[in-house]
Amino acid sequence: AGHEATVNSTVNGWWALFRHPDQLAALRADHSLVPSAVEELMRYDTPLQLFERWVLDEIEIDGQVIPRGAEIAMLFGSANHDPAVFTDPERLDLTRRDNPHISFSAGIHYCIGAPLARIELAASMTALLRKAPTLRLATEPRRKPNFVIRGLEGLAVEVG
């Protein structure tokens with residue numbers, strides 16, 4: 001569990017950094033930004049765009065009654081860009097401090113692997129920043145044709 005999400009978080013994150021050279025430069029200059037960068041990259045382009053759940057008890061949301069047994073889809077990618085929650089949500093900001101993203105879900109469905117994913121993402125990012133400080137995009141990537149798991153078919157990079 002979690003392998004696909006971590007792989008896609010990694011490539012989505014690096015692709016976002018390559019498209020925002022000011023943020024990549026800031027991260028290269030200050031590796032102490034890695035923890036907040038991991039959180040912001042997860043928010044900015046979360047690998048798991050939606051989850052489906054079944055309603056256990058009838059509820060009303062904003063005047064709409066959702067009956068018991070209904071299937072709903074929660075759009076994490078959209079929620080992570082909600083302007084009511086995030087200041088300037090379309091801007092990638094590795095120093096964002098107030099970052100209550102839901103990339104790992106919430107409540108009883110919160111990802112049990114979230115701490116491990118954070119460790120893996122921070123460790124791989126730190127290693128690449130140290131071992132390949134000139135890492136750059138070699139070719140423009142293509143998205144996988146999937147609307148649930150958001151990722152790339154590949155991310156070709158160069159060093160040097």
# chains A, B, ... in the order shown; residues from 1 in each chain; ligands from 1
>>> select_by_dssp(residues="range 7-130 of chain A", states="strand (DSSP E or B)", output="PyMOL selection string")
chain A and resi 48+50-54+59-61+64-66+71-75
>>> residues_around(residues="Arg68 in chain A", least_positions_apart="2", cutoff="10 Å", atoms="only C-alpha atoms", output="PDB file with all heavy atoms, in the first residue's frame")
ATOM      1  N   TRP A  54     -19.143   5.560   0.978  1.00  0.00           N
ATOM      2  CA  TRP A  54     -20.576   5.329   1.067  1.00  0.00           C
ATOM      3  C   TRP A  54     -21.096   5.992   2.326  1.00  0.00           C
ATOM      4  O   TRP A  54     -20.496   5.885   3.401  1.00  0.00           O
ATOM      5  CB  TRP A  54     -20.866   3.833   1.069  1.00  0.00           C
ATOM      6  CG  TRP A  54     -20.601   3.260  -0.293  1.00  0.00           C
ATOM      7  CD1 TRP A  54     -21.517   3.068  -1.289  1.00  0.00           C
ATOM      8  CD2 TRP A  54     -19.346   2.864  -0.829  1.00  0.00           C
ATOM      9  NE1 TRP A  54     -20.896   2.580  -2.412  1.00  0.00           N
ATOM     10  CE2 TRP A  54     -19.554   2.437  -2.162  1.00  0.00           C
ATOM     11  CE3 TRP A  54     -18.045   2.838  -0.342  1.00  0.00           C
ATOM     12  CZ2 TRP A  54     -18.545   1.989  -2.989  1.00  0.00           C
ATOM     13  CZ3 TRP A  54     -17.020   2.392  -1.169  1.00  0.00           C
ATOM     14  CH2 TRP A  54     -17.283   1.972  -2.465  1.00  0.00           C
ATOM     15  N   VAL A  55     -22.213   6.651   2.196  1.00  0.00           N
ATOM     16  CA  VAL A  55     -22.817   7.394   3.299  1.00  0.00           C
ATOM     17  C   VAL A  55     -23.466   6.400   4.258  1.00  0.00           C
ATOM     18  O   VAL A  55     -24.322   5.602   3.853  1.00  0.00           O
ATOM     19  CB  VAL A  55     -23.859   8.410   2.757  1.00  0.00           C
ATOM     20  CG1 VAL A  55     -24.555   9.131   3.893  1.00  0.00           C
ATOM     21  CG2 VAL A  55     -23.186   9.386   1.800  1.00  0.00           C
ATOM     22  N   LEU A  56     -23.057   6.446   5.525  1.00  0.00           N
ATOM     23  CA  LEU A  56     -23.575   5.519   6.529  1.00  0.00           C
ATOM     24  C   LEU A  56     -24.872   6.008   7.162  1.00  0.00           C
ATOM     25  O   LEU A  56     -25.712   5.203   7.553  1.00  0.00           O
ATOM     26  CB  LEU A  56     -22.521   5.278   7.621  1.00  0.00           C
ATOM     27  CG  LEU A  56     -21.216   4.651   7.130  1.00  0.00           C
ATOM     28  CD1 LEU A  56     -20.250   4.490   8.302  1.00  0.00           C
ATOM     29  CD2 LEU A  56     -21.476   3.309   6.453  1.00  0.00           C
ATOM     30  N   ASP A  57     -25.025   7.313   7.288  1.00  0.00           N
ATOM     31  CA  ASP A  57     -26.237   7.909   7.842  1.00  0.00           C
ATOM     32  C   ASP A  57     -26.616   9.103   6.977  1.00  0.00           C
ATOM     33  O   ASP A  57     -25.742   9.863   6.557  1.00  0.00           O
ATOM     34  CB  ASP A  57     -26.010   8.397   9.284  1.00  0.00           C
ATOM     35  CG  ASP A  57     -25.750   7.241  10.240  1.00  0.00           C
ATOM     36  OD1 ASP A  57     -26.548   6.291  10.254  1.00  0.00           O
ATOM     37  OD2 ASP A  57     -24.737   7.302  10.968  1.00  0.00           O
ATOM     38  N   GLU A  58     -27.900   9.263   6.731  1.00  0.00           N
ATOM     39  CA  GLU A  58     -28.353  10.400   5.932  1.00  0.00           C
ATOM     40  C   GLU A  58     -27.789  11.692   6.513  1.00  0.00           C
ATOM     41  O   GLU A  58     -27.812  11.910   7.720  1.00  0.00           O
ATOM     42  CB  GLU A  58     -29.887  10.455   5.925  1.00  0.00           C
ATOM     43  CG  GLU A  58     -30.429  11.583   5.074  1.00  0.00           C
ATOM     44  CD  GLU A  58     -31.945  11.589   5.040  1.00  0.00           C
ATOM     45  OE1 GLU A  58     -32.516  10.714   4.361  1.00  0.00           O
ATOM     46  OE2 GLU A  58     -32.535  12.459   5.713  1.00  0.00           O
ATOM     47  N   ILE A  59     -27.273  12.537   5.627  1.00  0.00           N
ATOM     48  CA  ILE A  59     -26.729  13.828   6.066  1.00  0.00           C
ATOM     49  C   ILE A  59     -27.209  14.918   5.119  1.00  0.00           C
ATOM     50  O   ILE A  59     -27.662  14.634   4.004  1.00  0.00           O
ATOM     51  CB  ILE A  59     -25.187  13.822   6.117  1.00  0.00           C
ATOM     52  CG1 ILE A  59     -24.599  13.492   4.728  1.00  0.00           C
ATOM     53  CG2 ILE A  59     -24.656  12.877   7.164  1.00  0.00           C
ATOM     54  CD1 ILE A  59     -23.106  13.684   4.632  1.00  0.00           C
ATOM     55  N   VAL A  65     -29.699  16.955   0.702  1.00  0.00           N
ATOM     56  CA  VAL A  65     -29.790  15.729   1.502  1.00  0.00           C
ATOM     57  C   VAL A  65     -29.098  14.604   0.739  1.00  0.00           C
ATOM     58  O   VAL A  65     -29.374  14.364  -0.432  1.00  0.00           O
ATOM     59  CB  VAL A  65     -31.261  15.357   1.796  1.00  0.00           C
ATOM     60  CG1 VAL A  65     -31.342  14.010   2.508  1.00  0.00           C
ATOM     61  CG2 VAL A  65     -31.921  16.453   2.620  1.00  0.00           C
ATOM     62  N   ILE A  66     -28.202  13.926   1.436  1.00  0.00           N
ATOM     63  CA  ILE A  66     -27.507  12.769   0.862  1.00  0.00           C
ATOM     64  C   ILE A  66     -27.983  11.554   1.642  1.00  0.00           C
ATOM     65  O   ILE A  66     -27.733  11.439   2.848  1.00  0.00           O
ATOM     66  CB  ILE A  66     -25.983  12.933   0.948  1.00  0.00           C
ATOM     67  CG1 ILE A  66     -25.576  14.229   0.226  1.00  0.00           C
ATOM     68  CG2 ILE A  66     -25.278  11.729   0.340  1.00  0.00           C
ATOM     69  CD1 ILE A  66     -24.132  14.598   0.389  1.00  0.00           C
ATOM     70  N   ALA A  70     -25.784   6.136  -0.203  1.00  0.00           N
ATOM     71  CA  ALA A  70     -25.329   6.818  -1.425  1.00  0.00           C
ATOM     72  C   ALA A  70     -23.808   6.731  -1.521  1.00  0.00           C
ATOM     73  O   ALA A  70     -23.101   6.709  -0.514  1.00  0.00           O
ATOM     74  CB  ALA A  70     -25.767   8.277  -1.422  1.00  0.00           C
ATOM     75  N   GLU A  71     -23.330   6.676  -2.735  1.00  0.00           N
ATOM     76  CA  GLU A  71     -21.885   6.701  -2.972  1.00  0.00           C
ATOM     77  C   GLU A  71     -21.498   8.121  -3.343  1.00  0.00           C
ATOM     78  O   GLU A  71     -22.146   8.755  -4.176  1.00  0.00           O
ATOM     79  CB  GLU A  71     -21.520   5.741  -4.098  1.00  0.00           C
ATOM     80  CG  GLU A  71     -20.040   5.637  -4.342  1.00  0.00           C
ATOM     81  CD  GLU A  71     -19.693   4.617  -5.430  1.00  0.00           C
ATOM     82  OE1 GLU A  71     -20.605   4.147  -6.139  1.00  0.00           O
ATOM     83  OE2 GLU A  71     -18.506   4.309  -5.564  1.00  0.00           O
TER      84      GLU A  71
END
>>> residues_around(residues="Phe51 in chain A", least_positions_apart="3", cutoff="12 Å", atoms="only C-alpha atoms", output="list in words")
Pro47, Leu48, Trp54, Glu71, Ile72, Ala73, Met74, Leu75, Phe76, Gly77, Ile102, Ser103, Phe104, Ser105, Ala106, His109, Tyr110, Phe147, Val148 and Ile149 of chain A
>>> closest_residue(among="A:Gly63, A:Ala123, A:Tyr44, A:Val157", to="Arg91 in chain A", atoms="only C-alpha atoms")
A:Tyr44
>>> residues_around(residues="range 23-30 of chain A", least_positions_apart="3", cutoff="9 Å", atoms="only C-alpha atoms", output="list in words")
Trp14, Ala16, Leu17, Phe18, Arg19, His20, Leu33, Val34, Ala37, Leu92, Asp93, Leu94, Leu129, Arg130 and Pro133 of chain A
>>> write_last_selection(atoms="all heavy atoms", output="short mmCIF file (atom, residue, chain, number, x, y, z; two decimals), in the first residue's frame")
data_model
loop_
_atom_site.label_atom_id
_atom_site.label_comp_id
_atom_site.auth_asym_id
_atom_site.auth_seq_id
_atom_site.Cartn_x
_atom_site.Cartn_y
_atom_site.Cartn_z
N TRP A 14 8.64 16.89 -8.37
CA TRP A 14 9.79 17.38 -9.13
C TRP A 14 9.36 18.12 -10.39
O TRP A 14 9.95 19.13 -10.76
CB TRP A 14 10.77 16.25 -9.43
CG TRP A 14 11.66 16.00 -8.26
CD1 TRP A 14 11.51 15.02 -7.32
CD2 TRP A 14 12.78 16.78 -7.86
NE1 TRP A 14 12.50 15.15 -6.36
CE2 TRP A 14 13.29 16.21 -6.67
CE3 TRP A 14 13.41 17.91 -8.38
CZ2 TRP A 14 14.39 16.74 -6.01
CZ3 TRP A 14 14.51 18.42 -7.72
CH2 TRP A 14 14.99 17.84 -6.55
N ALA A 16 6.64 19.84 -10.73
CA ALA A 16 6.18 21.16 -10.26
C ALA A 16 7.39 22.06 -9.98
O ALA A 16 7.38 23.25 -10.31
CB ALA A 16 5.31 21.01 -9.01
N LEU A 17 8.43 21.50 -9.37
CA LEU A 17 9.62 22.30 -9.08
C LEU A 17 10.30 22.77 -10.37
O LEU A 17 10.74 23.93 -10.46
CB LEU A 17 10.60 21.49 -8.22
CG LEU A 17 10.17 21.26 -6.79
CD1 LEU A 17 11.07 20.24 -6.11
CD2 LEU A 17 10.15 22.57 -6.01
N PHE A 18 10.39 21.91 -11.36
CA PHE A 18 11.01 22.31 -12.63
C PHE A 18 10.20 23.43 -13.31
O PHE A 18 10.77 24.28 -13.98
CB PHE A 18 11.15 21.12 -13.58
CG PHE A 18 12.13 20.08 -13.11
CD1 PHE A 18 11.84 18.73 -13.23
CD2 PHE A 18 13.35 20.44 -12.55
CE1 PHE A 18 12.73 17.76 -12.81
CE2 PHE A 18 14.26 19.47 -12.11
CZ PHE A 18 13.96 18.13 -12.25
N ARG A 19 8.88 23.43 -13.11
CA ARG A 19 8.04 24.46 -13.71
C ARG A 19 8.02 25.75 -12.88
O ARG A 19 7.48 26.76 -13.34
CB ARG A 19 6.60 23.94 -13.89
CG ARG A 19 6.51 22.83 -14.94
CD ARG A 19 5.07 22.43 -15.27
NE ARG A 19 4.10 22.56 -14.23
CZ ARG A 19 3.73 21.58 -13.39
NH1 ARG A 19 4.28 20.39 -13.46
NH2 ARG A 19 2.80 21.79 -12.49
N HIS A 20 8.57 25.71 -11.68
CA HIS A 20 8.64 26.88 -10.80
C HIS A 20 10.10 27.05 -10.35
O HIS A 20 10.45 26.75 -9.20
CB HIS A 20 7.71 26.69 -9.60
CG HIS A 20 6.28 26.62 -9.98
ND1 HIS A 20 5.67 25.44 -10.35
CD2 HIS A 20 5.34 27.58 -10.09
CE1 HIS A 20 4.40 25.68 -10.65
NE2 HIS A 20 4.18 26.98 -10.51
N LEU A 33 14.04 23.68 3.98
CA LEU A 33 12.68 23.81 3.45
C LEU A 33 12.06 22.46 3.05
O LEU A 33 10.87 22.41 2.72
CB LEU A 33 12.68 24.72 2.21
CG LEU A 33 12.95 26.20 2.43
CD1 LEU A 33 13.05 26.93 1.10
CD2 LEU A 33 11.86 26.81 3.30
N VAL A 34 12.83 21.40 3.07
CA VAL A 34 12.32 20.10 2.60
C VAL A 34 11.02 19.69 3.28
O VAL A 34 10.06 19.32 2.60
CB VAL A 34 13.40 19.00 2.69
CG1 VAL A 34 12.79 17.61 2.51
CG2 VAL A 34 14.49 19.23 1.64
N ALA A 37 8.30 21.78 1.93
CA ALA A 37 8.20 21.52 0.49
C ALA A 37 7.41 20.23 0.24
O ALA A 37 6.56 20.19 -0.66
CB ALA A 37 9.59 21.41 -0.14
N LEU A 92 2.49 27.86 -6.08
CA LEU A 92 3.35 26.93 -5.36
C LEU A 92 4.23 27.75 -4.42
O LEU A 92 4.96 28.62 -4.87
CB LEU A 92 4.22 26.14 -6.36
CG LEU A 92 5.19 25.13 -5.74
CD1 LEU A 92 4.44 24.00 -5.06
CD2 LEU A 92 6.13 24.59 -6.81
N ASP A 93 4.13 27.46 -3.13
CA ASP A 93 4.87 28.21 -2.12
C ASP A 93 5.45 27.23 -1.11
O ASP A 93 4.76 26.76 -0.20
CB ASP A 93 3.94 29.21 -1.43
CG ASP A 93 4.64 30.00 -0.34
OD1 ASP A 93 5.87 29.85 -0.15
OD2 ASP A 93 3.95 30.79 0.34
N LEU A 94 6.74 26.93 -1.28
CA LEU A 94 7.38 25.94 -0.41
C LEU A 94 7.53 26.41 1.03
O LEU A 94 7.83 25.61 1.91
CB LEU A 94 8.76 25.56 -0.97
CG LEU A 94 8.78 25.00 -2.39
CD1 LEU A 94 10.19 24.54 -2.75
CD2 LEU A 94 7.79 23.87 -2.57
N LEU A 129 18.73 16.49 -3.94
CA LEU A 129 19.27 17.86 -3.80
C LEU A 129 20.77 17.82 -3.52
O LEU A 129 21.53 18.64 -4.04
CB LEU A 129 18.55 18.62 -2.69
CG LEU A 129 17.11 19.03 -3.00
CD1 LEU A 129 16.41 19.48 -1.72
CD2 LEU A 129 17.06 20.12 -4.06
N ARG A 130 21.21 16.85 -2.73
CA ARG A 130 22.64 16.75 -2.38
C ARG A 130 23.47 16.09 -3.48
O ARG A 130 24.54 16.57 -3.82
CB ARG A 130 22.80 15.96 -1.09
CG ARG A 130 22.36 16.73 0.12
CD ARG A 130 22.73 16.03 1.41
NE ARG A 130 22.28 16.83 2.53
CZ ARG A 130 21.76 16.34 3.63
NH1 ARG A 130 21.64 15.04 3.79
NH2 ARG A 130 21.37 17.15 4.59
N PRO A 133 22.70 18.25 -7.56
CA PRO A 133 22.27 19.64 -7.38
C PRO A 133 21.92 20.36 -8.69
O PRO A 133 21.26 21.40 -8.65
CB PRO A 133 23.45 20.29 -6.68
CG PRO A 133 24.62 19.44 -7.01
CD PRO A 133 24.08 18.05 -7.15
#
>>> closest_residue(among="A:Asp98, A:Ala5, A:Leu121, A:Val11", to="Leu152 in chain A", atoms="only C-alpha atoms")
A:Val11
